[in-house]
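Below is structure.csv, which holds CSV, C-alpha atoms.
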chain,number,residue,atom,x,y,z
A,1,MET,CA,175.8,-50.9,-59.9
A,2,PRO,CA,179.4,-49.7,-60.2
A,3,ASP,CA,182.0,-52.4,-60.6
A,4,PRO,CA,184.2,-52.5,-57.4
A,5,GLY,CA,187.1,-53.9,-59.5
A,6,ARG,CA,188.8,-57.2,-60.1
A,7,ASP,CA,190.5,-57.0,-56.7
A,8,GLY,CA,187.3,-57.3,-54.8
A,9,PRO,CA,185.3,-54.8,-52.7
A,10,ARG,CA,186.9,-51.4,-52.0
A,11,ARG,CA,188.5,-51.0,-48.6
A,12,VAL,CA,186.7,-48.7,-46.1
A,13,VAL,CA,188.1,-46.7,-43.2
A,14,ILE,CA,186.7,-44.8,-40.3
A,15,THR,CA,187.9,-41.2,-40.4
A,16,GLY,CA,185.7,-39.5,-37.8
A,17,CYS,CA,183.5,-40.3,-34.8
A,18,GLY,CA,180.9,-38.4,-32.9
A,19,ALA,CA,178.9,-39.3,-29.8
A,20,VAL,CA,176.4,-37.9,-27.3
A,21,THR,CA,175.8,-40.3,-24.5
A,22,PRO,CA,174.7,-40.5,-20.8
A,23,VAL,CA,178.4,-40.5,-19.8
A,24,GLY,CA,179.8,-37.8,-22.2
A,25,LEU,CA,178.8,-35.2,-24.7
A,26,THR,CA,181.8,-36.0,-27.0
A,27,VAL,CA,183.7,-39.1,-27.9
A,28,GLU,CA,186.6,-38.3,-25.6
A,29,GLU,CA,184.3,-37.5,-22.6
A,30,HIS,CA,182.4,-40.8,-23.3
A,31,TRP,CA,185.6,-42.8,-23.5
A,32,SER,CA,187.2,-41.3,-20.4
A,33,SER,CA,184.1,-42.1,-18.4
A,34,LEU,CA,184.0,-45.7,-19.6
A,35,LEU,CA,187.6,-46.2,-18.6
A,36,ALA,CA,187.0,-44.7,-15.2
A,37,GLY,CA,183.9,-46.9,-14.7
A,38,ARG,CA,181.6,-43.9,-14.3
A,39,SER,CA,177.9,-44.8,-14.6
A,40,GLY,CA,175.3,-42.6,-16.3
A,41,ILE,CA,172.4,-44.4,-14.8
A,42,GLY,CA,170.3,-42.7,-12.2
A,43,LEU,CA,166.8,-41.7,-11.2
A,44,ILE,CA,164.9,-40.1,-14.1
A,45,GLU,CA,164.8,-36.3,-13.8
A,46,ARG,CA,163.2,-35.2,-17.1
A,47,PHE,CA,159.7,-36.1,-16.0
A,48,ASP,CA,157.9,-37.4,-13.0
A,49,ALA,CA,158.3,-41.2,-12.9
A,50,GLY,CA,157.0,-41.5,-9.4
A,51,ASP,CA,154.0,-43.6,-10.3
A,52,LEU,CA,155.9,-45.9,-12.7
A,53,PRO,CA,157.3,-49.3,-11.7
A,54,VAL,CA,160.6,-48.3,-13.2
A,55,ARG,CA,162.0,-44.9,-12.2
A,56,ILE,CA,165.5,-45.2,-13.4
A,57,GLY,CA,167.2,-44.5,-16.8
A,58,ALA,CA,170.4,-43.2,-18.4
A,59,GLU,CA,169.7,-39.6,-19.5
A,60,VAL,CA,172.0,-37.3,-21.4
A,61,LYS,CA,172.8,-34.4,-19.1
A,62,GLY,CA,174.0,-30.9,-20.0
A,63,PHE,CA,173.4,-31.1,-23.8
A,64,ASP,CA,173.0,-27.8,-25.6
A,65,PRO,CA,171.6,-28.1,-29.1
A,66,GLY,CA,172.5,-24.5,-29.7
A,67,GLU,CA,176.1,-25.6,-30.1
A,68,TYR,CA,175.2,-27.4,-33.3
A,69,LEU,CA,172.0,-25.9,-34.7
A,70,GLU,CA,170.2,-22.5,-35.0
A,71,ARG,CA,167.5,-22.0,-32.4
A,72,THR,CA,164.8,-21.7,-35.1
A,73,VAL,CA,165.9,-25.2,-36.3
A,74,TYR,CA,166.4,-27.1,-33.1
A,75,ARG,CA,163.1,-25.9,-31.6
A,76,ARG,CA,161.2,-27.9,-34.3
A,77,LEU,CA,163.2,-31.1,-33.8
A,78,ASP,CA,162.9,-34.0,-31.4
A,79,VAL,CA,165.8,-34.4,-29.0
A,80,SER,CA,166.8,-37.6,-30.7
A,81,THR,CA,167.3,-35.7,-33.9
A,82,GLN,CA,169.3,-33.1,-32.1
A,83,TYR,CA,171.6,-35.8,-30.7
A,84,GLY,CA,172.0,-37.3,-34.2
A,85,VAL,CA,172.9,-34.0,-35.8
A,86,ALA,CA,175.4,-33.2,-32.9
A,87,ALA,CA,177.1,-36.5,-33.3
A,88,ALA,CA,177.3,-36.1,-37.1
A,89,VAL,CA,178.8,-32.6,-36.8
A,90,GLN,CA,181.4,-33.9,-34.3
A,91,ALA,CA,182.3,-36.8,-36.6
A,92,ALA,CA,182.6,-34.6,-39.7
A,93,GLU,CA,184.8,-32.2,-37.8
A,94,ALA,CA,187.0,-35.0,-36.5
A,95,ALA,CA,187.3,-36.4,-40.0
A,96,LYS,CA,188.2,-32.9,-41.4
A,97,LEU,CA,185.4,-33.5,-43.9
A,98,VAL,CA,184.3,-30.6,-46.0
A,99,ILE,CA,181.5,-31.5,-48.5
A,100,ASP,CA,181.9,-29.3,-51.5
A,101,PRO,CA,179.6,-29.4,-54.6
A,102,GLU,CA,181.9,-31.9,-56.4
A,103,LEU,CA,182.0,-34.4,-53.5
A,104,ALA,CA,178.3,-34.0,-52.3
A,105,PRO,CA,176.7,-36.5,-54.8
A,106,LYS,CA,179.1,-39.2,-53.5
A,107,VAL,CA,178.3,-38.6,-49.8
A,108,GLY,CA,175.4,-40.4,-48.2
A,109,VAL,CA,173.8,-40.5,-44.8
A,110,TYR,CA,172.4,-43.6,-43.1
A,111,VAL,CA,171.5,-42.7,-39.5
A,112,GLY,CA,168.7,-44.7,-38.0
A,113,SER,CA,166.1,-44.6,-35.3
A,114,SER,CA,163.6,-47.3,-34.3
A,115,ALA,CA,161.5,-45.2,-31.9
A,116,GLY,CA,161.8,-42.0,-34.0
A,117,PRO,CA,160.9,-38.6,-32.5
A,118,ALA,CA,159.3,-40.2,-29.5
A,119,GLN,CA,159.2,-37.1,-27.2
A,120,LEU,CA,158.0,-34.8,-29.9
A,121,THR,CA,155.2,-37.2,-30.8
A,122,TRP,CA,154.2,-37.6,-27.1
A,123,ASP,CA,154.2,-33.9,-26.5
A,124,THR,CA,152.2,-33.2,-29.6
A,125,SER,CA,149.6,-35.8,-28.7
A,126,ILE,CA,149.2,-34.2,-25.3
A,127,LYS,CA,148.7,-30.7,-27.0
A,128,LEU,CA,146.1,-32.2,-29.4
A,129,HIS,CA,144.2,-33.7,-26.5
A,130,GLU,CA,144.4,-30.5,-24.3
A,131,ARG,CA,144.2,-27.7,-26.9
A,132,GLY,CA,142.8,-29.3,-30.1
A,133,PRO,CA,144.2,-29.0,-33.6
A,134,ARG,CA,145.3,-25.4,-33.1
A,135,GLY,CA,147.9,-26.6,-30.7
A,136,ILE,CA,149.8,-28.6,-33.4
A,137,SER,CA,153.0,-27.1,-34.8
A,138,PRO,CA,153.1,-26.7,-38.6
A,139,PHE,CA,156.5,-28.5,-38.5
A,140,PHE,CA,155.2,-31.6,-36.7
A,141,PHE,CA,154.2,-33.6,-39.8
A,142,ALA,CA,157.6,-33.0,-41.5
A,143,THR,CA,159.7,-33.7,-38.4
A,144,SER,CA,157.9,-36.6,-36.8
A,145,GLY,CA,159.2,-39.4,-39.0
A,146,SER,CA,161.9,-41.9,-38.0
A,147,GLU,CA,164.0,-40.6,-40.9
A,148,SER,CA,164.3,-37.2,-39.3
A,149,SER,CA,168.0,-37.5,-38.2
A,150,ALA,CA,169.1,-38.7,-41.6
A,151,GLY,CA,167.4,-35.8,-43.4
A,152,GLU,CA,168.5,-33.1,-41.0
A,153,ILE,CA,172.1,-34.3,-41.1
A,154,ALA,CA,172.1,-34.3,-44.9
A,155,LEU,CA,170.6,-30.8,-44.8
A,156,LYS,CA,173.2,-29.6,-42.2
A,157,LEU,CA,176.3,-31.0,-43.9
A,158,GLY,CA,175.2,-30.8,-47.6
A,159,ALA,CA,175.3,-34.5,-48.4
A,160,HIS,CA,173.5,-35.2,-51.7
A,161,GLY,CA,173.9,-39.0,-51.9
A,162,PRO,CA,171.4,-41.5,-50.5
A,163,ALA,CA,170.0,-40.6,-47.1
A,164,ALA,CA,167.8,-43.0,-45.2
A,165,ASN,CA,166.7,-44.4,-41.9
A,166,MET,CA,167.1,-48.2,-41.4
A,167,SER,CA,165.3,-49.6,-38.4
A,168,THR,CA,166.3,-53.0,-37.0
A,169,ALA,CA,165.3,-52.4,-33.4
A,170,CYS,CA,168.3,-52.4,-31.0
A,171,ALA,CA,170.6,-53.3,-33.9
A,172,THR,CA,169.7,-50.2,-35.9
A,173,GLY,CA,173.0,-48.2,-35.4
A,174,ALA,CA,175.1,-51.2,-36.4
A,175,THR,CA,172.8,-52.0,-39.4
A,176,CYS,CA,173.1,-48.5,-40.7
A,177,ILE,CA,176.9,-48.6,-40.5
A,178,GLY,CA,177.1,-52.0,-42.1
A,179,GLU,CA,174.9,-51.1,-45.0
A,180,ALA,CA,176.8,-47.9,-45.4
A,181,LEU,CA,180.0,-50.0,-45.6
A,182,ARG,CA,178.4,-51.9,-48.5
A,183,LEU,CA,177.6,-48.8,-50.5
A,184,ILE,CA,181.2,-47.7,-50.4
A,185,GLN,CA,182.5,-51.2,-51.1
A,186,LEU,CA,180.4,-51.3,-54.2
A,187,GLY,CA,181.4,-47.9,-55.4
A,188,VAL,CA,177.9,-46.3,-55.0
A,189,THR,CA,179.4,-43.6,-52.7
A,190,ASP,CA,182.8,-42.6,-51.5
A,191,VAL,CA,181.8,-41.3,-48.1
A,192,MET,CA,179.0,-42.3,-45.7
A,193,ILE,CA,177.9,-40.6,-42.5
A,194,ALA,CA,176.4,-43.5,-40.6
A,195,GLY,CA,175.1,-44.4,-37.1
A,196,GLY,CA,172.0,-44.2,-34.9
A,197,ALA,CA,170.2,-41.8,-32.6
A,198,GLU,CA,167.5,-42.4,-30.0
A,199,ALA,CA,165.9,-40.6,-27.1
A,200,SER,CA,163.7,-43.3,-25.5
A,201,VAL,CA,163.7,-42.1,-21.9
A,202,THR,CA,160.1,-40.9,-22.2
A,203,ARG,CA,157.2,-41.6,-20.0
A,204,LEU,CA,155.5,-43.8,-22.6
A,205,ASN,CA,158.6,-45.8,-23.5
A,206,ILE,CA,159.5,-46.4,-19.9
A,207,ALA,CA,156.0,-47.5,-19.0
A,208,GLY,CA,155.8,-49.7,-22.1
A,209,ALA,CA,159.1,-51.4,-21.6
A,210,ALA,CA,158.4,-51.9,-17.9
A,211,ALA,CA,155.1,-53.6,-18.8
A,212,SER,CA,156.9,-56.0,-21.0
A,213,ARG,CA,159.1,-56.9,-18.0
A,214,ALA,CA,162.3,-56.0,-20.0
A,215,LEU,CA,163.6,-53.3,-17.6
A,216,SER,CA,165.5,-53.6,-14.4
A,217,ARG,CA,163.5,-52.6,-11.3
A,218,ARG,CA,166.4,-51.8,-9.1
A,219,ASN,CA,165.1,-48.3,-8.4
A,220,GLU,CA,166.9,-48.0,-5.1
A,221,GLU,CA,170.4,-48.6,-6.5
A,222,PRO,CA,170.4,-47.2,-10.1
A,223,GLU,CA,174.1,-47.5,-10.7
A,224,ARG,CA,174.0,-51.2,-9.9
A,225,ALA,CA,170.9,-51.9,-12.0
A,226,CYS,CA,172.4,-52.9,-15.3
A,227,ARG,CA,174.3,-56.1,-14.7
A,228,PRO,CA,175.3,-57.7,-18.0
A,229,PHE,CA,176.3,-61.4,-17.8
A,230,ASP,CA,175.8,-61.4,-14.0
A,231,ARG,CA,173.5,-64.1,-12.6
A,232,ASP,CA,171.6,-61.5,-10.5
A,233,ARG,CA,170.6,-59.4,-13.5
A,234,ASP,CA,166.9,-58.5,-13.9
A,235,GLY,CA,166.7,-56.5,-17.1
A,236,PHE,CA,168.2,-53.6,-19.1
A,237,VAL,CA,168.2,-49.9,-18.3
A,238,MET,CA,166.7,-47.5,-20.9
A,239,GLY,CA,169.2,-45.0,-22.2
A,240,GLU,CA,169.5,-42.3,-24.9
A,241,GLY,CA,172.1,-40.7,-27.2
A,242,ALA,CA,173.7,-41.0,-30.6
A,243,GLY,CA,176.8,-42.3,-32.3
A,244,VAL,CA,177.9,-41.4,-35.8
A,245,VAL,CA,181.0,-42.3,-37.8
A,246,VAL,CA,182.4,-41.0,-41.1
A,247,LEU,CA,183.2,-43.9,-43.4
A,248,GLU,CA,185.4,-43.4,-46.5
A,249,GLU,CA,186.8,-45.4,-49.3
A,250,ALA,CA,190.4,-45.8,-48.2
A,251,GLU,CA,192.1,-44.2,-51.2
A,252,HIS,CA,189.7,-41.3,-51.0
A,253,ALA,CA,190.7,-40.8,-47.4
A,254,ARG,CA,194.4,-41.0,-48.1
A,255,ARG,CA,194.2,-38.6,-51.0
A,256,ARG,CA,192.7,-35.9,-48.8
A,257,GLY,CA,195.0,-36.6,-45.9
A,258,ALA,CA,192.2,-37.6,-43.6
A,259,PRO,CA,192.9,-39.1,-40.1
A,260,ILE,CA,192.3,-42.8,-40.3
A,261,LEU,CA,191.2,-44.3,-37.0
A,262,ALA,CA,190.6,-47.9,-38.1
A,263,GLU,CA,189.5,-50.0,-41.1
A,264,LEU,CA,185.9,-51.2,-41.0
A,265,ALA,CA,186.5,-54.6,-42.5
A,266,GLY,CA,183.5,-56.8,-41.9
A,267,TYR,CA,179.8,-56.8,-41.4
A,268,GLY,CA,177.3,-59.6,-40.7
A,269,ALA,CA,173.5,-59.4,-40.7
A,270,THR,CA,171.1,-62.2,-39.9
A,271,THR,CA,167.6,-62.7,-38.5
A,272,ASP,CA,166.7,-65.4,-36.0
A,273,ALA,CA,163.1,-65.7,-37.2
A,274,TYR,CA,162.4,-67.4,-33.8
A,275,HIS,CA,160.5,-65.1,-31.4
A,276,LEU,CA,159.2,-61.5,-31.1
A,277,THR,CA,161.5,-60.6,-28.3
A,278,ALA,CA,163.6,-63.6,-27.2
A,279,PRO,CA,166.8,-64.5,-29.1
A,280,HIS,CA,167.3,-68.0,-30.3
A,281,PRO,CA,168.5,-69.9,-27.2
A,282,GLU,CA,171.6,-71.2,-28.9
A,283,GLY,CA,172.4,-67.9,-30.4
A,284,ARG,CA,171.8,-69.3,-33.9
A,285,GLY,CA,171.5,-65.9,-35.7
A,286,ALA,CA,174.2,-64.3,-33.5
A,287,LYS,CA,176.7,-67.0,-34.4
A,288,ALA,CA,175.9,-66.6,-38.1
A,289,ALA,CA,176.3,-62.9,-38.0
A,290,MET,CA,179.7,-63.1,-36.2
A,291,ARG,CA,181.0,-65.7,-38.7
A,292,THR,CA,179.8,-63.6,-41.6
A,293,ALA,CA,181.6,-60.5,-40.3
A,294,LEU,CA,184.8,-62.5,-39.8
A,295,ASP,CA,184.6,-64.1,-43.3
A,296,GLY,CA,183.9,-60.8,-44.9
A,297,ALA,CA,187.0,-59.3,-43.3
A,298,GLY,CA,189.1,-62.3,-44.0
A,299,VAL,CA,189.9,-62.5,-40.3
A,300,ALA,CA,190.2,-65.8,-38.3
A,301,PRO,CA,188.6,-66.1,-34.9
A,302,SER,CA,192.1,-66.4,-33.4
A,303,GLU,CA,192.8,-62.8,-34.5
A,304,VAL,CA,190.1,-61.1,-32.6
A,305,ASP,CA,191.4,-59.1,-29.6
A,306,TYR,CA,188.3,-57.7,-28.1
A,307,ILE,CA,184.5,-58.1,-28.3
A,308,ASN,CA,182.2,-55.2,-27.3
A,309,ALA,CA,179.1,-57.3,-26.4
A,310,HIS,CA,175.5,-56.5,-26.9
A,311,GLY,CA,175.2,-57.4,-23.3
A,312,THR,CA,171.9,-55.9,-22.2
A,313,GLY,CA,171.6,-57.4,-18.8
A,314,THR,CA,168.6,-59.5,-19.7
A,315,ALA,CA,168.7,-63.2,-18.9
A,316,LEU,CA,167.9,-64.6,-22.3
A,317,ASN,CA,170.1,-62.2,-24.3
A,318,ASP,CA,173.2,-62.6,-22.2
A,319,ALA,CA,173.0,-66.4,-22.1
A,320,ALA,CA,172.5,-66.6,-25.9
A,321,GLU,CA,175.3,-64.2,-26.6
A,322,ALA,CA,177.8,-66.0,-24.3
A,323,ALA,CA,176.9,-69.3,-26.0
A,324,ALA,CA,177.4,-67.8,-29.4
A,325,ILE,CA,180.8,-66.4,-28.4
A,326,ARG,CA,181.8,-69.8,-27.1
A,327,ALA,CA,180.7,-71.5,-30.3
A,328,VAL,CA,182.4,-69.1,-32.7
A,329,PHE,CA,185.7,-68.6,-30.8
A,330,GLY,CA,186.0,-72.1,-29.3
A,331,GLU,CA,189.0,-72.7,-27.1
A,332,ARG,CA,190.2,-69.1,-27.5
A,333,ALA,CA,187.0,-67.6,-26.2
A,334,PRO,CA,188.3,-67.4,-22.5
A,335,GLN,CA,191.3,-65.4,-23.7
A,336,ILE,CA,189.3,-62.6,-25.4
A,337,PRO,CA,188.1,-59.7,-23.2
A,338,VAL,CA,184.3,-59.3,-23.6
A,339,SER,CA,182.7,-56.3,-22.1
A,340,SER,CA,179.3,-54.6,-22.1
A,341,THR,CA,179.5,-50.8,-21.8
A,342,LYS,CA,175.7,-50.8,-21.4
A,343,SER,CA,176.5,-51.4,-17.7
A,344,MET,CA,177.4,-47.7,-17.7
A,345,THR,CA,175.5,-46.0,-20.5
A,346,GLY,CA,172.3,-48.0,-20.3
A,347,HIS,CA,170.8,-49.3,-23.5
A,348,LEU,CA,170.8,-46.5,-26.2
A,349,ILE,CA,168.5,-48.6,-28.4
A,350,SER,CA,169.2,-47.4,-32.0
A,351,GLY,CA,172.2,-45.5,-30.8
A,352,ALA,CA,173.8,-48.5,-29.1
A,353,GLY,CA,175.5,-50.2,-32.0
A,354,ALA,CA,177.1,-47.0,-33.3
A,355,VAL,CA,178.3,-45.8,-29.9
A,356,GLU,CA,179.7,-49.3,-29.1
A,357,LEU,CA,181.6,-49.5,-32.4
A,358,ILE,CA,183.1,-46.1,-31.6
A,359,THR,CA,184.0,-47.5,-28.2
A,360,ALA,CA,185.7,-50.5,-29.8
A,361,VAL,CA,187.7,-48.2,-32.1
A,362,MET,CA,188.9,-46.3,-29.1
A,363,ALA,CA,190.1,-49.6,-27.7
A,364,ILE,CA,192.2,-50.0,-30.8
A,365,ARG,CA,193.6,-46.5,-30.5
A,366,ASP,CA,194.6,-46.9,-26.8
A,367,ASN,CA,195.1,-50.6,-26.4
A,368,VAL,CA,192.8,-50.7,-23.4
A,369,VAL,CA,189.3,-52.3,-23.1
A,370,PRO,CA,186.5,-50.8,-20.9
A,371,PRO,CA,185.0,-52.7,-18.1
A,372,THR,CA,181.6,-54.3,-17.4
A,373,LEU,CA,180.3,-52.9,-14.2
A,374,ASN,CA,178.3,-54.9,-11.8
A,375,CYS,CA,179.5,-58.3,-13.1
A,376,ASP,CA,180.0,-59.7,-9.7
A,377,HIS,CA,178.9,-63.3,-10.2
A,378,PRO,CA,179.1,-64.1,-13.9
A,379,ASP,CA,177.0,-66.9,-15.3
A,380,ASP,CA,180.0,-68.1,-17.3
A,381,PRO,CA,183.0,-67.6,-15.1
A,382,GLY,CA,185.3,-68.9,-17.8
A,383,LEU,CA,184.9,-65.9,-20.0
A,384,ASN,CA,186.7,-62.6,-19.3
A,385,PHE,CA,183.9,-60.0,-19.0
A,386,VAL,CA,186.4,-57.4,-17.8
A,387,PRO,CA,184.7,-57.0,-14.5
A,388,HIS,CA,184.7,-53.6,-12.7
A,389,THR,CA,188.0,-52.2,-14.0
A,390,ALA,CA,189.4,-51.5,-17.5
A,391,GLN,CA,192.2,-53.8,-18.7
A,392,GLN,CA,195.3,-53.2,-20.9
A,393,HIS,CA,195.3,-55.4,-24.0
A,394,ARG,CA,197.0,-55.2,-27.4
A,395,THR,CA,193.9,-54.6,-29.5
A,396,ASP,CA,194.3,-54.8,-33.3
A,397,VAL,CA,191.0,-56.4,-34.2
A,398,VAL,CA,187.7,-55.7,-32.5
A,399,MET,CA,184.1,-57.0,-32.9
A,400,SER,CA,181.0,-55.1,-31.9
A,401,ASN,CA,177.8,-57.1,-31.5
A,402,SER,CA,174.2,-55.7,-31.8
A,403,PHE,CA,171.1,-57.8,-31.4
A,404,GLY,CA,167.5,-56.6,-31.4
A,405,PHE,CA,163.9,-57.6,-30.7
A,406,GLY,CA,162.4,-59.4,-33.7
A,407,GLY,CA,165.6,-61.4,-34.0
A,408,HIS,CA,167.7,-58.7,-35.8
A,409,ASN,CA,171.5,-59.3,-35.6
A,410,ALA,CA,174.2,-57.0,-36.8
A,411,VAL,CA,177.9,-57.5,-36.2
A,412,LEU,CA,180.7,-55.1,-37.1
A,413,LEU,CA,184.4,-55.9,-37.3
A,414,ALA,CA,187.1,-53.3,-37.3
A,415,ARG,CA,190.9,-53.5,-37.3
A,416,ARG,CA,193.9,-51.4,-36.9
A,417,TRP,CA,194.9,-49.5,-40.0
A,418,GLU,CA,198.5,-50.1,-41.0
A,419,GLY,CA,198.3,-48.0,-44.2
A,420,ASN,CA,198.7,-50.9,-46.7
Can you present the structure in this file as structure tokens?
Amino acid sequence: MPDPGRDGPRRVVITGCGAVTPVGLTVEEHWSSLLAGRSGIGLIERFDAGDLPVRIGAEVKGFDPGEYLERTVYRRLDVSTQYGVAAAVQAAEAAKLVIDPELAPKVGVYVGSSAGPAQLTWDTSIKLHERGPRGISPFFFATSGSESSAGEIALKLGAHGPAANMSTACATGATCIGEALRLIQLGVTDVMIAGGAEASVTRLNIAGAAASRALSRRNEEPERACRPFDRDRDGFVMGEGAGVVVLEEAEHARRRGAPILAELAGYGATTDAYHLTAPHPEGRGAKAAMRTALDGAGVAPSEVDYINAHGTGTALNDAAEAAAIRAVFGERAPQIPVSSTKSMTGHLISGAGAVELITAVMAIRDNVVPPTLNCDHPDDPGLNFVPHTAQQHRTDVVMSNSFGFGGHNAVLLARRWEGN
């Protein structure tokens, strides 16, 4: 392993962001919608959900894969992979990143998915049932793996370093970014394209999640269905989309004159080892992940200005996360704005952690934090969940929490880049 040097790990900065979400097809569209409190949750339109107990979701609308891929390419890909490639192209363009033959071996791709190409697999299964083996595309076997986004992004952008899918359920996007951070810190790569992509608003996924009682059943009022930290919550809303960031070693970014949006300074990863779906009731793993991220960044709890919460709108997750925030931040916890943008985007599953880190970086840029919609009667009224309306705050240090089924926890910490 390359020696990071006597001064410790190399510093890592974010130079580009890309996003495709239910509230915007670019980062700026997404961010503007969040600040305006616009919800992307509605009745499912992509397929007939009339016989399902849950008929709502957060779908991406108006996306054209032809803006990013040749028709012969995007036709063979699942929509989740299309979202991932689109977000990666946006991020590379924003970072002004050109991967030439000299740089290519030092550029890696960690873009993950836990559900994988779900719609492609579903559609192909139906074709096999209805038409037999002749109905199967010759591309299916090569494009149906969960590593599809990482491979297609490397192919599209010409990255020759390590490319992989890391799956940690709903923490996947944050895990991929955190592990990409470590590769740069250790000198394995100079640039990483990292994030998550998912397209889980499928008939099978909605039916399955509904059967597990994880989803909200407010079919008659979709925009009010996702209610993070509100005592009337009844489950999360399935969403879809992708978020990708370009991470670079700080000196590499400065040498090429790249735009630096923030420093990615800390990452914490833990596992509850407690229950298949429920978090530890005291937020044991979440607390440890938050403290690890703070320690890795050399940041005190008193310095954190905003927390983008995992905040799914499920009773157990919200209670455990609020308890963990109270434990880690102590007396200062009520002073820190804590918001869940899932109240507008729904839960993007593997895309959530990456999109929410990007959201937190936008909060640093603009010194404003997005709201939590539908938080009318918070379980913990002493915490500032930024109810209903965005708030102006000086935001230099941000934390983004991601927690997943199986007890996976990943926490990212970013701070304003001062150029020193």
*If we count only C-alpha atoms, what is near range 211-221 of chain A at a cut-off of 8 Å, once residues fewer than 4 positions away on the same chain are taken out, given as a ChimeraX atom specification?*
/A:43,53-56,207,225-226,233-238,314
Residue contacts of Met290 in chain A (8 Å, all atoms listed in the file) excluding same-chain residues fewer than 6 positions away, as a PDB file with C-alpha atoms, in the frame of the given file:
ATOM      1  CA  GLY A 268     177.300 -59.600 -40.700  1.00  0.00           C
ATOM      2  CA  VAL A 328     182.400 -69.100 -32.700  1.00  0.00           C
ATOM      3  CA  ASN A 401     177.800 -57.100 -31.500  1.00  0.00           C
ATOM      4  CA  VAL A 411     177.900 -57.500 -36.200  1.00  0.00           C
TER       5      VAL A 411
END
*Record the distance separating CA of Gly50 in chain A and CA of Gly208 in chain A, expressed in Å with one decimal.*
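CA of Gly50 in chain A sits 15.2 Å away from CA of Gly208 in chain A.
Using only C-alpha atoms, the shortest contact distance between Gly196 in chain A and any of A:Gly132, A:Gly108, A:Gly351, A:Pro371 is found at A:Gly351.
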_Counting all atoms listed in the file, the option among A:Arg76, A:His393, A:Arg46, A:Arg11 closest to Val201 in chain A_ =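 Residue with the minimum atom-to-atom distance to Val201 in chain A: A:Arg46.
The neighbours of Leu77 in chain A here are the residues that come within 9 Å of it, using only C-alpha atoms and leaving out any residue fewer than 3 positions away in the same chain; they are Val73, Tyr74, Ser80, Thr81, Gln82, Pro117, Leu120, Phe139, Phe140, Thr143, Ser144 and Ser148 of chain A.
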